[in-house]
Amino acid sequence: MQQPPDPAASRAVLIGTAGYANLPELTAVTRNLVAMRTMLCDAELWGLADASCRIIADPEKPADIVDGVSEAAREAKDTLVVYYAGHGLLDADNIDLHLALRHSREFRGYTALSYHYVRQVVMRSPARRRIVILDCCYSGRATHTLMGGATGNDLAQHAVIEGTYVLTSSSRDSVSLSPAGEVHTAFTGELLSIVHDGIPDGPDLIDLETLYTHLDRRLRARNRPPPQRCNHNTAGLLPLVWNRARRAPRKNAMSAADVAARAWDVGMRLADVLRATGHNREAAEILTLLWDARDTDKPPDDLQLHLHLSQLFNELGQVDEAAEVLREAYVNLDESHPRDVLARVSLAFARLIRERGDYAKACDVLESAVESLGDAPPATTRAPTADAGYPGVGVHPEVEETARLRPPAVPKSTDVPRLRMCGACGAPDSGKPFCASCGTARDNG
């Protein structure tokens, strides 16, 4: 499949003079430069890197142009693009084209840059394809700001370089317009429009000859000077930019959210594999990366990461880290989470608190979980399984765990109040007229 020029191996130099001391202003030229750069750097069209597309605006002296073109010409290996917009001047003694500078004067070739020097620099470039676009000519009209034109040979013929494609805005006996009130000059404006909108009946990639054909047709239809071109070594048949009107949308394009979700899923699966094979530390590192990448501005929808990471931290002896992970999970519990998630988080947090010696806090956590379930069934004497945390059929593990977490006997002290227990099920007394676990009326005695 054909591709546009390699952006990494290509260079572009966009030159334009909008302000003059001795010639009419061409304010549209400044907008030409910006729009041309945007077009060439658009990834949907070509994708030239910003650093590879240099603008030389309002050059003061010939070296400003020649040095910039020379640098790009040396670096370009695939394609070199040189664009100029401004006044085109003639010298009084020869027919060479001169590119106007800020202080150039008509028929004073020594005040401008002879195109001869640009042609020499481009000719020496190692680029396999060299494209020169000239939007300039000579003379003026009363109702438009005009750019001068070459006489004698056509401008395209006069500017031609062996092995290049030269595209110009006018012939020897016509003018190039910069119509008053329009954003761009006539020639560049049509070129930008064609590339930006694409060619519905054109090829997938727009080559220079296709671009010229449509540019010529559209300019003639508007009664504007037709463009000229010279094509050597079939350079015009090589593709330049993607045809936006024909290019199909990218298939299987993934949004940033899709990529993040995929990375999350892969990370969780990889951590499971590592943990199953005994590589707990590596699994913890993977989950820690996911933990650091989480969005802390909104509550998590899925608390599986918290549960897995806290368990790994606990197994690795990093108890404080495990507690912090579980604490965040616990404070984010709400009615939007499934009942089994609420149960697992509450149990895991309560067990960790119990292992750290805070039995009363562990009971508070479990009691809060039981109350949030609302319709918890009566307690059972069935022993919890090794993987307690998933509710059994008709039995809530919080109820079982509450009974199993009865605090050990401690010496009576004024500093450690004695916990009251339900006489029927042994659950902590919540202070209500009835037991929150089994519903038995509290014995006031």
# chains A, B, ... in the order shown; residues from 1 in each chain; ligands from 1

$ residues_around --residues "Ala92 (chain A)" --least-positions-apart "4" --cutoff "9 Å" --atoms "only C-alpha atoms" --output "VMD selection string"
chain A and resid 106 to 109

$ write_last_selection --atoms "C-alpha atoms" --output "compact mmCIF listing (two decimals), in the first residue's frame"
# COMPACT_ATOMS: atom_id res chain seq x y z
CA GLU A 106 11.25 47.10 -7.90
CA PHE A 107 13.80 46.46 -10.65
CA ARG A 108 16.60 46.47 -8.08
CA GLY A 109 17.64 42.83 -8.04

$ closest_residue --among "A:Lys361, A:His308, A:Arg356, A:Arg119" --to "Val69 (chain A)" --atoms "only C-alpha atoms"
A:Arg119

$ residues_around --residues "Gly236 (chain A)" --least-positions-apart "5" --cutoff "12 Å" --atoms "only C-alpha atoms" --output "number ranges by chain"
A: 129-132, 163-167, 206-213, 229-231

$ write_last_selection --atoms "N, CA, C and O atoms" --output "mmCIF file, in the first residue's frame"
data_model
loop_
_atom_site.group_PDB
_atom_site.id
_atom_site.type_symbol
_atom_site.label_atom_id
_atom_site.label_comp_id
_atom_site.auth_asym_id
_atom_site.auth_seq_id
_atom_site.Cartn_x
_atom_site.Cartn_y
_atom_site.Cartn_z
ATOM 1 N N ARG A 129 12.885 13.410 -3.430
ATOM 2 C CA ARG A 129 11.830 14.205 -4.056
ATOM 3 C C ARG A 129 11.911 15.617 -3.503
ATOM 4 O O ARG A 129 11.999 15.820 -2.282
ATOM 5 N N ARG A 130 11.887 16.602 -4.409
ATOM 6 C CA ARG A 130 12.010 18.001 -4.016
ATOM 7 C C ARG A 130 10.841 18.772 -4.617
ATOM 8 O O ARG A 130 10.603 18.716 -5.832
ATOM 9 N N ILE A 131 10.108 19.465 -3.770
ATOM 10 C CA ILE A 131 8.905 20.180 -4.189
ATOM 11 C C ILE A 131 9.099 21.665 -3.910
ATOM 12 O O ILE A 131 9.425 22.057 -2.782
ATOM 13 N N VAL A 132 8.916 22.488 -4.934
ATOM 14 C CA VAL A 132 9.010 23.941 -4.798
ATOM 15 C C VAL A 132 7.646 24.533 -5.155
ATOM 16 O O VAL A 132 7.107 24.257 -6.232
ATOM 17 N N GLY A 163 14.752 16.873 -11.439
ATOM 18 C CA GLY A 163 14.372 15.948 -10.363
ATOM 19 C C GLY A 163 13.409 16.546 -9.364
ATOM 20 O O GLY A 163 13.217 15.967 -8.290
ATOM 21 N N THR A 164 12.782 17.676 -9.662
ATOM 22 C CA THR A 164 11.861 18.313 -8.732
ATOM 23 C C THR A 164 10.517 18.545 -9.391
ATOM 24 O O THR A 164 10.355 18.420 -10.606
ATOM 25 N N TYR A 165 9.561 18.915 -8.543
ATOM 26 C CA TYR A 165 8.235 19.323 -9.033
ATOM 27 C C TYR A 165 8.056 20.768 -8.617
ATOM 28 O O TYR A 165 8.079 21.097 -7.417
ATOM 29 N N VAL A 166 7.861 21.644 -9.565
ATOM 30 C CA VAL A 166 7.691 23.067 -9.300
ATOM 31 C C VAL A 166 6.248 23.448 -9.609
ATOM 32 O O VAL A 166 5.762 23.225 -10.716
ATOM 33 N N LEU A 167 5.578 24.037 -8.643
ATOM 34 C CA LEU A 167 4.191 24.467 -8.779
ATOM 35 C C LEU A 167 4.155 25.965 -8.509
ATOM 36 O O LEU A 167 4.626 26.427 -7.461
ATOM 37 N N ILE A 206 -3.365 11.875 -2.319
ATOM 38 C CA ILE A 206 -3.336 12.925 -3.325
ATOM 39 C C ILE A 206 -1.888 13.149 -3.766
ATOM 40 O O ILE A 206 -1.028 13.498 -2.949
ATOM 41 N N ASP A 207 -1.616 12.931 -5.050
ATOM 42 C CA ASP A 207 -0.282 13.220 -5.577
ATOM 43 C C ASP A 207 -0.267 14.639 -6.142
ATOM 44 O O ASP A 207 -1.296 15.312 -6.237
ATOM 45 N N LEU A 208 0.908 15.101 -6.501
ATOM 46 C CA LEU A 208 1.061 16.482 -6.944
ATOM 47 C C LEU A 208 0.310 16.772 -8.244
ATOM 48 O O LEU A 208 -0.242 17.861 -8.421
ATOM 49 N N GLU A 209 0.289 15.822 -9.167
ATOM 50 C CA GLU A 209 -0.429 16.036 -10.418
ATOM 51 C C GLU A 209 -1.933 16.136 -10.183
ATOM 52 O O GLU A 209 -2.621 16.955 -10.794
ATOM 53 N N THR A 210 -2.460 15.302 -9.293
ATOM 54 C CA THR A 210 -3.881 15.382 -8.951
ATOM 55 C C THR A 210 -4.197 16.717 -8.294
ATOM 56 O O THR A 210 -5.215 17.357 -8.593
ATOM 57 N N LEU A 211 -3.313 17.143 -7.406
ATOM 58 C CA LEU A 211 -3.502 18.438 -6.748
ATOM 59 C C LEU A 211 -3.492 19.561 -7.786
ATOM 60 O O LEU A 211 -4.349 20.456 -7.752
ATOM 61 N N TYR A 212 -2.549 19.520 -8.710
ATOM 62 C CA TYR A 212 -2.464 20.563 -9.747
ATOM 63 C C TYR A 212 -3.731 20.585 -10.610
ATOM 64 O O TYR A 212 -4.265 21.657 -10.917
ATOM 65 N N THR A 213 -4.208 19.420 -11.016
ATOM 66 C CA THR A 213 -5.383 19.346 -11.887
ATOM 67 C C THR A 213 -6.595 20.007 -11.239
ATOM 68 O O THR A 213 -7.316 20.794 -11.867
ATOM 69 N N ARG A 229 2.979 24.311 -13.699
ATOM 70 C CA ARG A 229 3.827 23.333 -13.023
ATOM 71 C C ARG A 229 4.829 22.760 -14.005
ATOM 72 O O ARG A 229 4.617 22.759 -15.223
ATOM 73 N N CYS A 230 5.944 22.275 -13.474
ATOM 74 C CA CYS A 230 6.942 21.525 -14.226
ATOM 75 C C CYS A 230 7.209 20.243 -13.462
ATOM 76 O O CYS A 230 7.466 20.270 -12.251
ATOM 77 N N ASN A 231 7.166 19.136 -14.166
ATOM 78 C CA ASN A 231 7.280 17.831 -13.521
ATOM 79 C C ASN A 231 8.424 17.059 -14.158
ATOM 80 O O ASN A 231 8.363 16.701 -15.324
#

$ residues_around --residues "Gly202 (chain A)" --least-positions-apart "5" --cutoff "9 Å" --atoms "only C-alpha atoms" --output "mmCIF file with C-alpha atoms, in the first residue's frame"
data_model
loop_
_atom_site.group_PDB
_atom_site.id
_atom_site.type_symbol
_atom_site.label_atom_id
_atom_site.label_comp_id
_atom_site.auth_asym_id
_atom_site.auth_seq_id
_atom_site.Cartn_x
_atom_site.Cartn_y
_atom_site.Cartn_z
ATOM 1 C CA THR A 210 -3.881 15.382 -8.951
ATOM 2 C CA ASN A 243 -7.157 12.283 0.764
ATOM 3 C CA ALA A 245 -12.539 12.767 1.657
ATOM 4 C CA ARG A 246 -11.665 9.150 0.923
#

$ residues_around --residues "Ser114 (chain A)" --least-positions-apart "2" --cutoff "7 Å" --atoms "only C-alpha atoms" --output "list of chain:residue names"
A:Asp96, A:Leu97, A:His98, A:Leu99, A:Ala112, A:His116, A:Tyr117

$ write_last_selection --atoms "N, CA, C and O atoms" --output "mmCIF file, in the first residue's frame"
data_model
loop_
_atom_site.group_PDB
_atom_site.id
_atom_site.type_symbol
_atom_site.label_atom_id
_atom_site.label_comp_id
_atom_site.auth_asym_id
_atom_site.auth_seq_id
_atom_site.Cartn_x
_atom_site.Cartn_y
_atom_site.Cartn_z
ATOM 1 N N ASP A 96 15.916 36.990 -14.361
ATOM 2 C CA ASP A 96 15.889 36.101 -13.204
ATOM 3 C C ASP A 96 14.775 36.509 -12.232
ATOM 4 O O ASP A 96 14.528 37.713 -12.020
ATOM 5 N N LEU A 97 14.145 35.520 -11.657
ATOM 6 C CA LEU A 97 13.140 35.770 -10.625
ATOM 7 C C LEU A 97 13.844 36.133 -9.326
ATOM 8 O O LEU A 97 14.838 35.514 -8.941
ATOM 9 N N HIS A 98 13.331 37.133 -8.634
ATOM 10 C CA HIS A 98 13.873 37.537 -7.335
ATOM 11 C C HIS A 98 12.744 37.478 -6.295
ATOM 12 O O HIS A 98 11.620 37.930 -6.562
ATOM 13 N N LEU A 99 13.072 36.951 -5.139
ATOM 14 C CA LEU A 99 12.116 36.861 -4.037
ATOM 15 C C LEU A 99 12.280 38.092 -3.164
ATOM 16 O O LEU A 99 13.370 38.380 -2.654
ATOM 17 N N ALA A 112 16.889 42.210 -3.382
ATOM 18 C CA ALA A 112 16.085 41.009 -3.130
ATOM 19 C C ALA A 112 16.986 39.779 -3.227
ATOM 20 O O ALA A 112 18.207 39.888 -3.358
ATOM 21 N N HIS A 116 17.996 32.034 -8.135
ATOM 22 C CA HIS A 116 19.121 31.204 -8.557
ATOM 23 C C HIS A 116 19.783 30.530 -7.359
ATOM 24 O O HIS A 116 20.155 29.353 -7.416
ATOM 25 N N TYR A 117 19.929 31.253 -6.242
ATOM 26 C CA TYR A 117 20.596 30.695 -5.065
ATOM 27 C C TYR A 117 19.728 29.635 -4.378
ATOM 28 O O TYR A 117 20.229 28.632 -3.879
#

$ residues_around --residues "Ala271 (chain A)" --least-positions-apart "4" --cutoff "8 Å" --atoms "only C-alpha atoms" --output "PDB file with C-alpha atoms, in the first residue's frame"
ATOM      1  CA  GLY A 267      -2.496  -5.809  35.286  1.00  0.00           C
ATOM      2  CA  ARG A 275       0.588 -14.614  43.055  1.00  0.00           C
ATOM      3  CA  GLU A 282       6.203  -9.030  41.958  1.00  0.00           C
ATOM      4  CA  ALA A 283       2.401  -9.251  42.104  1.00  0.00           C
ATOM      5  CA  ALA A 284       2.366  -6.499  44.723  1.00  0.00           C
ATOM      6  CA  ILE A 286       2.079  -4.705  39.601  1.00  0.00           C
ATOM      7  CA  LEU A 287      -0.914  -3.873  41.796  1.00  0.00           C
TER       8      LEU A 287
END

$ residues_around --residues "region 19-26 of chain A" --least-positions-apart "3" --cutoff "6 Å" --atoms "only C-alpha atoms" --output "PyMOL selection string"
chain A and resi 29+102-103+105

$ write_last_selection --atoms "N, CA, C and O atoms" --output "compact mmCIF listing (two decimals), in the first residue's frame"
# COMPACT_ATOMS: atom_id res chain seq x y z
N VAL A 29 -0.17 36.91 3.46
CA VAL A 29 0.98 36.00 3.45
C VAL A 29 1.23 35.41 4.83
O VAL A 29 1.56 34.23 4.97
N ARG A 102 12.04 42.46 2.98
CA ARG A 102 11.34 43.60 3.57
C ARG A 102 11.72 44.93 2.93
O ARG A 102 10.89 45.82 2.77
N HIS A 103 12.98 45.11 2.54
CA HIS A 103 13.45 46.40 2.03
C HIS A 103 13.75 46.34 0.53
O HIS A 103 14.50 47.18 0.01
N ARG A 105 13.22 46.66 -3.56
CA ARG A 105 12.63 47.68 -4.43
C ARG A 105 12.49 47.10 -5.83
O ARG A 105 13.25 46.22 -6.23

$ atom_distance --atom1 "CA of Val241 (chain A)" --atom2 "CA of Asp64 (chain A)"
28.5 Å
